[in-house]
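Data block for coords.txt (compact mmCIF, C-alpha atoms):
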# COMPACT_ATOMS: atom_id res chain seq x y z
CA MET A 235 -4.97 32.04 -83.59
CA ASN A 236 -8.12 29.97 -83.25
CA SER A 237 -6.16 27.25 -81.38
CA ARG A 238 -4.72 29.82 -78.95
CA ARG A 239 -8.17 31.21 -78.30
CA ARG A 240 -9.50 27.73 -77.55
CA VAL A 241 -6.65 27.10 -75.10
CA ASN A 242 -7.23 30.41 -73.30
CA SER A 243 -10.94 29.67 -73.10
CA THR A 244 -10.23 26.25 -71.56
CA VAL A 245 -7.88 27.77 -68.97
CA ARG A 246 -10.50 30.33 -67.97
CA ARG A 247 -13.10 27.57 -67.55
CA LEU A 248 -10.72 25.54 -65.32
CA ARG A 249 -10.01 28.62 -63.17
CA GLY A 250 -13.75 29.18 -62.83
CA ILE A 251 -14.27 25.58 -61.70
CA ARG A 252 -11.50 25.92 -59.02
CA MET A 253 -13.03 29.15 -57.71
CA THR A 254 -16.45 27.49 -57.53
CA LEU A 255 -15.05 24.50 -55.59
CA ALA A 256 -13.18 26.80 -53.19
CA SER A 257 -16.31 28.82 -52.54
CA SER A 258 -18.24 25.61 -51.93
CA ILE A 259 -15.65 24.35 -49.40
CA VAL A 260 -15.56 27.67 -47.57
CA GLY A 261 -19.34 27.73 -47.43
CA LYS A 262 -19.44 24.26 -45.94
CA CYS A 263 -16.79 25.24 -43.43
CA PHE A 264 -18.88 28.09 -42.18
CA GLY A 265 -21.88 25.79 -42.25
CA GLY A 266 -20.60 23.69 -39.31
CA LEU A 267 -17.56 21.78 -40.59
CA GLY A 268 -15.04 24.50 -39.95
CA ILE A 269 -12.75 22.37 -37.80
CA VAL A 270 -12.58 19.58 -40.42
CA CYS A 271 -12.00 22.01 -43.24
CA ALA A 272 -9.32 23.84 -41.38
CA CYS A 273 -7.55 20.54 -40.89
CA VAL A 274 -7.87 19.66 -44.58
CA ILE A 275 -6.71 23.05 -45.87
CA VAL A 276 -4.17 24.08 -43.25
CA GLY A 277 -3.28 20.83 -41.46
CA CYS A 278 -3.87 20.08 -37.78
CA GLN A 279 -1.58 19.20 -34.91
CA SER A 280 -2.95 16.89 -32.25
CA SER A 281 -3.31 18.50 -28.84
CA PRO A 282 -0.71 17.32 -26.33
CA LYS A 283 -1.81 14.45 -24.10
CA ASN A 284 -2.29 15.02 -20.41
CA THR A 285 1.00 13.87 -18.94
CA ALA A 286 0.36 15.00 -15.38
CA PRO A 287 2.31 12.80 -12.95
CA VAL A 288 0.42 10.23 -10.89
CA PRO A 289 -0.06 11.58 -7.36
CA THR A 290 2.37 10.14 -4.86
CA PRO A 291 0.69 8.24 -2.02
CA THR A 292 0.77 10.28 1.15
CA VAL A 293 0.07 7.44 3.59
CA GLY A 294 2.90 5.07 4.33
CA SER A 295 6.12 4.63 2.43
CA SER A 296 6.38 0.92 1.71
CA GLY A 297 2.82 -0.24 1.14
CA GLN A 298 3.42 -2.93 3.77
CA VAL A 299 2.83 -3.59 7.43
CA LYS A 300 6.16 -3.18 9.23
CA LEU A 301 7.35 -4.63 12.53
CA HIS A 302 10.34 -2.98 14.21
CA PHE A 303 12.18 -4.23 17.29
CA LYS A 304 12.57 -1.41 19.83
CA GLY A 305 14.55 -3.15 22.58
CA PHE A 306 14.14 -5.15 25.80
CA GLN A 307 12.44 -4.17 29.03
CA GLN A 308 12.73 -5.99 32.35
CA ALA A 309 9.41 -6.30 34.15
CA LYS A 310 7.89 -9.36 35.78
CA ASP A 311 9.32 -11.11 32.75
CA LEU A 312 11.86 -10.02 30.16
CA LEU A 313 9.93 -8.26 27.40
CA ALA A 314 10.88 -7.74 23.77
CA VAL A 315 9.15 -4.53 22.67
CA PHE A 316 8.02 -4.10 19.07
CA GLU A 317 6.36 -1.37 17.08
CA LEU A 318 3.82 -2.34 14.42
CA THR A 319 3.17 0.27 11.71
CA ASN A 320 0.52 0.11 9.02
CA GLU A 321 2.17 1.57 5.91
CA THR A 322 -0.62 0.44 3.59
CA HIS A 323 -3.64 2.39 2.36
CA SER A 324 -6.22 0.19 4.09
CA PRO A 325 -6.99 -0.57 7.73
CA ILE A 326 -5.75 -3.85 9.19
CA LEU A 327 -7.17 -5.84 12.10
CA TYR A 328 -5.63 -7.81 14.93
CA GLU A 329 -6.93 -9.65 17.95
CA ALA A 330 -6.48 -8.04 21.37
CA TYR A 331 -7.63 -8.93 24.88
CA SER A 332 -8.69 -7.08 27.99
CA PHE A 333 -9.90 -7.90 31.51
CA THR A 334 -12.26 -4.90 31.46
CA ASN A 335 -14.88 -3.59 29.07
CA ASN A 336 -12.30 -1.28 27.51
CA VAL A 337 -10.24 -2.46 24.57
CA GLU A 338 -6.50 -2.65 25.32
CA LYS A 339 -4.85 -2.06 21.94
CA THR A 340 -1.40 -3.11 23.15
CA ASN A 341 -2.50 -6.55 24.41
CA PHE A 342 -1.81 -8.73 21.39
CA CYS A 343 -3.38 -12.21 21.42
CA GLN A 344 -1.68 -14.21 18.69
CA LEU A 345 2.08 -14.69 18.94
CA ALA A 346 4.33 -16.48 16.45
CA ALA A 347 8.00 -17.41 16.51
CA LYS A 348 10.45 -19.28 14.32
CA GLN A 349 14.11 -20.20 14.63
CA THR A 350 14.14 -22.02 11.28
CA ASP A 351 11.55 -22.14 8.50
CA LEU A 352 9.20 -23.94 10.89
CA VAL A 353 6.56 -21.45 12.10
CA LYS A 354 5.05 -21.96 15.55
CA GLN A 355 2.06 -20.04 16.87
CA ARG A 356 0.40 -19.62 20.20
CA THR A 357 -2.41 -17.70 21.86
CA VAL A 358 -0.74 -15.91 24.76
CA SER A 359 -1.79 -17.07 28.21
CA ASP A 360 -3.52 -13.86 29.34
CA CYS A 361 -5.63 -13.83 26.19
CA ARG A 362 -6.93 -17.31 26.99
CA TYR A 363 -8.37 -16.17 30.30
CA ALA A 364 -9.37 -12.62 29.36
CA SER A 365 -13.00 -11.60 29.65
CA ASN A 366 -12.94 -9.33 26.61
CA ILE A 367 -11.43 -10.34 23.25
CA ALA A 368 -11.98 -8.09 20.26
CA LEU A 369 -10.70 -7.28 16.79
CA VAL A 370 -8.88 -3.95 16.86
CA THR A 371 -8.43 -1.71 13.81
CA LEU A 372 -5.08 -0.15 12.94
CA ASP A 373 -5.65 2.62 10.41
CA PRO A 374 -3.24 3.52 7.59
CA GLY A 375 -0.25 5.40 8.98
CA ALA A 376 -1.00 4.35 12.57
CA THR A 377 1.42 2.62 14.94
CA VAL A 378 0.96 0.43 18.00
CA SER A 379 3.47 -1.15 20.40
CA PHE A 380 3.48 -4.77 21.55
CA ALA A 381 5.60 -6.69 24.01
CA ALA A 382 6.51 -10.35 23.60
CA PRO A 383 7.45 -11.90 26.96
CA LYS A 384 10.44 -14.23 26.97
CA TRP A 385 8.47 -16.96 28.74
CA GLU A 386 5.67 -16.81 26.16
CA THR A 387 8.21 -16.96 23.36
CA LYS A 388 9.88 -20.03 24.88
CA GLU A 389 6.47 -21.69 25.22
CA THR A 390 5.70 -20.89 21.59
CA LEU A 391 8.97 -22.50 20.50
CA ASN A 392 8.55 -25.44 22.90
CA LEU A 393 11.86 -24.64 24.55
CA PRO A 394 12.74 -25.64 28.13
CA ASN A 395 12.22 -23.01 30.80
CA ASP A 396 15.93 -22.94 31.66
CA ALA A 397 16.99 -21.95 28.13
CA PRO A 398 19.27 -18.96 28.88
CA GLU A 399 19.31 -17.13 25.55
CA ILE A 400 16.89 -17.39 22.64
CA ALA A 401 17.64 -16.36 19.07
CA THR A 402 14.40 -16.16 17.13
CA LYS A 403 12.17 -14.16 14.85
CA VAL A 404 8.96 -12.94 16.45
CA GLY A 405 5.72 -12.48 14.55
CA PHE A 406 2.23 -11.16 15.18
CA GLU A 407 -0.91 -12.27 13.38
CA ILE A 408 -3.02 -9.68 11.55
CA PHE A 409 -5.99 -9.69 9.18
CA VAL A 410 -5.78 -7.80 5.89
CA GLY A 411 -8.19 -6.96 3.07
CA ASP A 412 -11.95 -7.20 2.78
CA GLN A 413 -11.72 -10.97 3.15
CA ARG A 414 -9.72 -10.63 6.39
CA ARG A 415 -6.88 -12.85 5.22
CA LYS A 416 -4.56 -13.98 7.99
CA GLN A 417 -0.99 -12.84 7.74
CA ILE A 418 1.98 -12.95 10.09
CA VAL A 419 4.23 -9.89 10.26
CA TRP A 420 7.78 -10.89 11.21
CA SER A 421 10.63 -9.13 12.93
CA ASP A 422 14.28 -9.64 12.16
CA THR A 423 16.06 -12.19 14.32
CA ILE A 424 16.46 -11.00 17.91
CA VAL A 425 18.31 -12.61 20.81
CA PHE A 426 16.62 -12.70 24.19
CA PRO A 427 19.41 -12.37 26.77
CA LYS A 428 19.39 -14.31 30.00
CA THR A 429 18.44 -11.13 31.79
CA ILE A 430 19.16 -7.41 31.62
CA SER A 431 20.17 -5.07 34.38
CA ILE A 432 17.98 -2.16 35.40
CA ALA A 433 20.80 0.24 34.53
CA SER A 434 20.86 -0.95 30.92
CA GLN A 435 17.18 -0.19 30.32

Output the file's structure as structure tokens, nothing else.
Amino acid sequence: MNSRRRVNSTVRRLRGIRMTLASSIVGKCFGGLGIVCACVIVGCQSSPKNTAPVPTPTVGSSGQVKLHFKGFQQAKDLLAVFELTNETHSPILYEAYSFTNNVEKTNFCQLAAKQTDLVKQRTVSDCRYASNIALVTLDPGATVSFAAPKWETKETLNLPNDAPEIATKVGFEIFVGDQRRKQIVWSDTIVFPKTISIASQ
């Protein structure tokens, strides 16, 4: 009987110790460590990470400067008409000329051409004699049209004046980035015909 009493007394003491510890933990929880205690007693689940999708750029679709051939026009010379589009998120610059104080955005100064991997460049004739030469800004999403005359293209390629048809890629020089790095934007290969009729324009 004495042994049983001692065992019961020991059990009661252990229960008293557990109750004291529990009261101490609860007191500390309410004393400012509630979040930690709740995690220890109950267990915590980490809050879900923010998985919101990255916004899709709204300006441009390729992140590049694109040059598209639009067709030929017969004027004083046969003109290959191109459309330059800034599909990047930063402005680009190019050199244009004018014979007045107003900037002519469509008068491109620096022409390039290549029939092989050899790149040839030339300042167009009118730009050499123009009274006003300026750097023009093309903002993101903006488009401008340029015309490359057949005669200027032949001069750029050092071809004879009587060359009837010319198969070549045409390029225009631009400046990109804060450092204004030079870059040539190229078209696909086009073929200048000998001439075009007015009816076909």

(Q) Please list as JSON, numbers by chain every residue within 10 Å of Asp412 of chain A, counting only C-alpha atoms and excluding residues in the same chain fewer than 3 positions away. (A) {"A": [324, 325, 326, 409, 415]}

Q. In terms of the shortest atom-to-atom distance over all atoms listed in the file, which of A:Gln417, A:Thr357, A:Thr429, A:Thr350 is closest to Gln298 of chain A?
A. A:Gln417

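As for atom CA of Gln413 of chain A and atom CA of Ser332 of chain A, they are spaced 25.3 Å apart.
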
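Distances here use only C-alpha atoms; by that measure, the residue among A:Ala376, A:Ala401, A:Leu393, A:Ala381 closest to Lys304 of chain A is A:Ala381.
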
**Q.** Cut-off 12 Å around (-6.2, -17.0, 26.9) with only C-alpha atoms: residues as a ChimeraX atom specification
**A.** /A:329-333,341-345,356-367,386

Q | d(atom CA of Leu312 of chain A, atom CA of Phe380 of chain A) in Å | A | 13.1 Å

Q) So how far away is atom CA of Val337 of chain A from atom CA of Lys403 of chain A, in Å? A) 27.1 Å

Q: Name all residues at most 10 Å from Pro398 of chain A (count all atoms listed in the file; drop same-chain ones fewer than 5 positions away) and give them as a list in words.
A: Phe426, Pro427, Lys428 and Thr429 of chain A

(Q) Give me, as a ChimeraX atom specification, all polymer residues having an atom no more than 9 Å from Asp311 of chain A, counting all atoms listed in the file and skipping those fewer than 3 positions away in the same chain. (A) /A:307-308,383-385

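Comparing the minimum interatomic distances between Leu352 of chain A and each of A:Ala382, A:Leu369, A:Ala314, A:Leu391, counting all atoms listed in the file, we find that A:Leu391 sits nearest.
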
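Closest approach to Glu407 of chain A among A:Val353, A:Ile424, A:Ala346, A:Val378: A:Ala346, based on all atoms listed in the file.
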
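Distance check against Asp422 of chain A using only C-alpha atoms: of A:Ala368, A:Leu301, A:Leu327, A:Val410, the minimum falls on A:Leu301.
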
Output requested as a CSV table (one decimal), keeping the file's coordinate frame - segment 336-349 of chain A, filled out with N, CA and C atoms.
chain,number,residue,atom,x,y,z
A,336,ASN,N,-13.1,-2.1,28.4
A,336,ASN,CA,-12.3,-1.3,27.5
A,336,ASN,C,-11.3,-2.1,26.7
A,337,VAL,N,-11.2,-1.8,25.5
A,337,VAL,CA,-10.2,-2.5,24.6
A,337,VAL,C,-8.8,-2.0,24.9
A,338,GLU,N,-7.9,-2.9,25.1
A,338,GLU,CA,-6.5,-2.6,25.3
A,338,GLU,C,-5.7,-2.9,24.0
A,339,LYS,N,-5.4,-1.9,23.3
A,339,LYS,CA,-4.8,-2.1,21.9
A,339,LYS,C,-3.5,-2.7,22.0
A,340,THR,N,-2.8,-2.6,23.1
A,340,THR,CA,-1.4,-3.1,23.2
A,340,THR,C,-1.3,-4.6,23.6
A,341,ASN,N,-2.5,-5.2,23.9
A,341,ASN,CA,-2.5,-6.6,24.4
A,341,ASN,C,-2.8,-7.5,23.2
A,342,PHE,N,-1.7,-7.9,22.6
A,342,PHE,CA,-1.8,-8.7,21.4
A,342,PHE,C,-2.1,-10.2,21.8
A,343,CYS,N,-3.0,-10.8,21.1
A,343,CYS,CA,-3.4,-12.2,21.4
A,343,CYS,C,-2.5,-13.3,20.8
A,344,GLN,N,-2.3,-13.1,19.5
A,344,GLN,CA,-1.7,-14.2,18.7
A,344,GLN,C,-0.2,-14.0,18.4
A,345,LEU,N,0.6,-14.8,19.0
A,345,LEU,CA,2.1,-14.7,18.9
A,345,LEU,C,2.6,-15.8,18.1
A,346,ALA,N,3.7,-15.5,17.3
A,346,ALA,CA,4.3,-16.5,16.4
A,346,ALA,C,5.8,-16.3,16.6
A,347,ALA,N,6.5,-17.4,16.4
A,347,ALA,CA,8.0,-17.4,16.5
A,347,ALA,C,8.6,-18.5,15.6
A,348,LYS,N,9.8,-18.3,15.1
A,348,LYS,CA,10.4,-19.3,14.3
A,348,LYS,C,12.0,-19.1,14.4
A,349,GLN,N,12.6,-20.2,14.6
A,349,GLN,CA,14.1,-20.2,14.6
A,349,GLN,C,14.7,-20.8,13.3
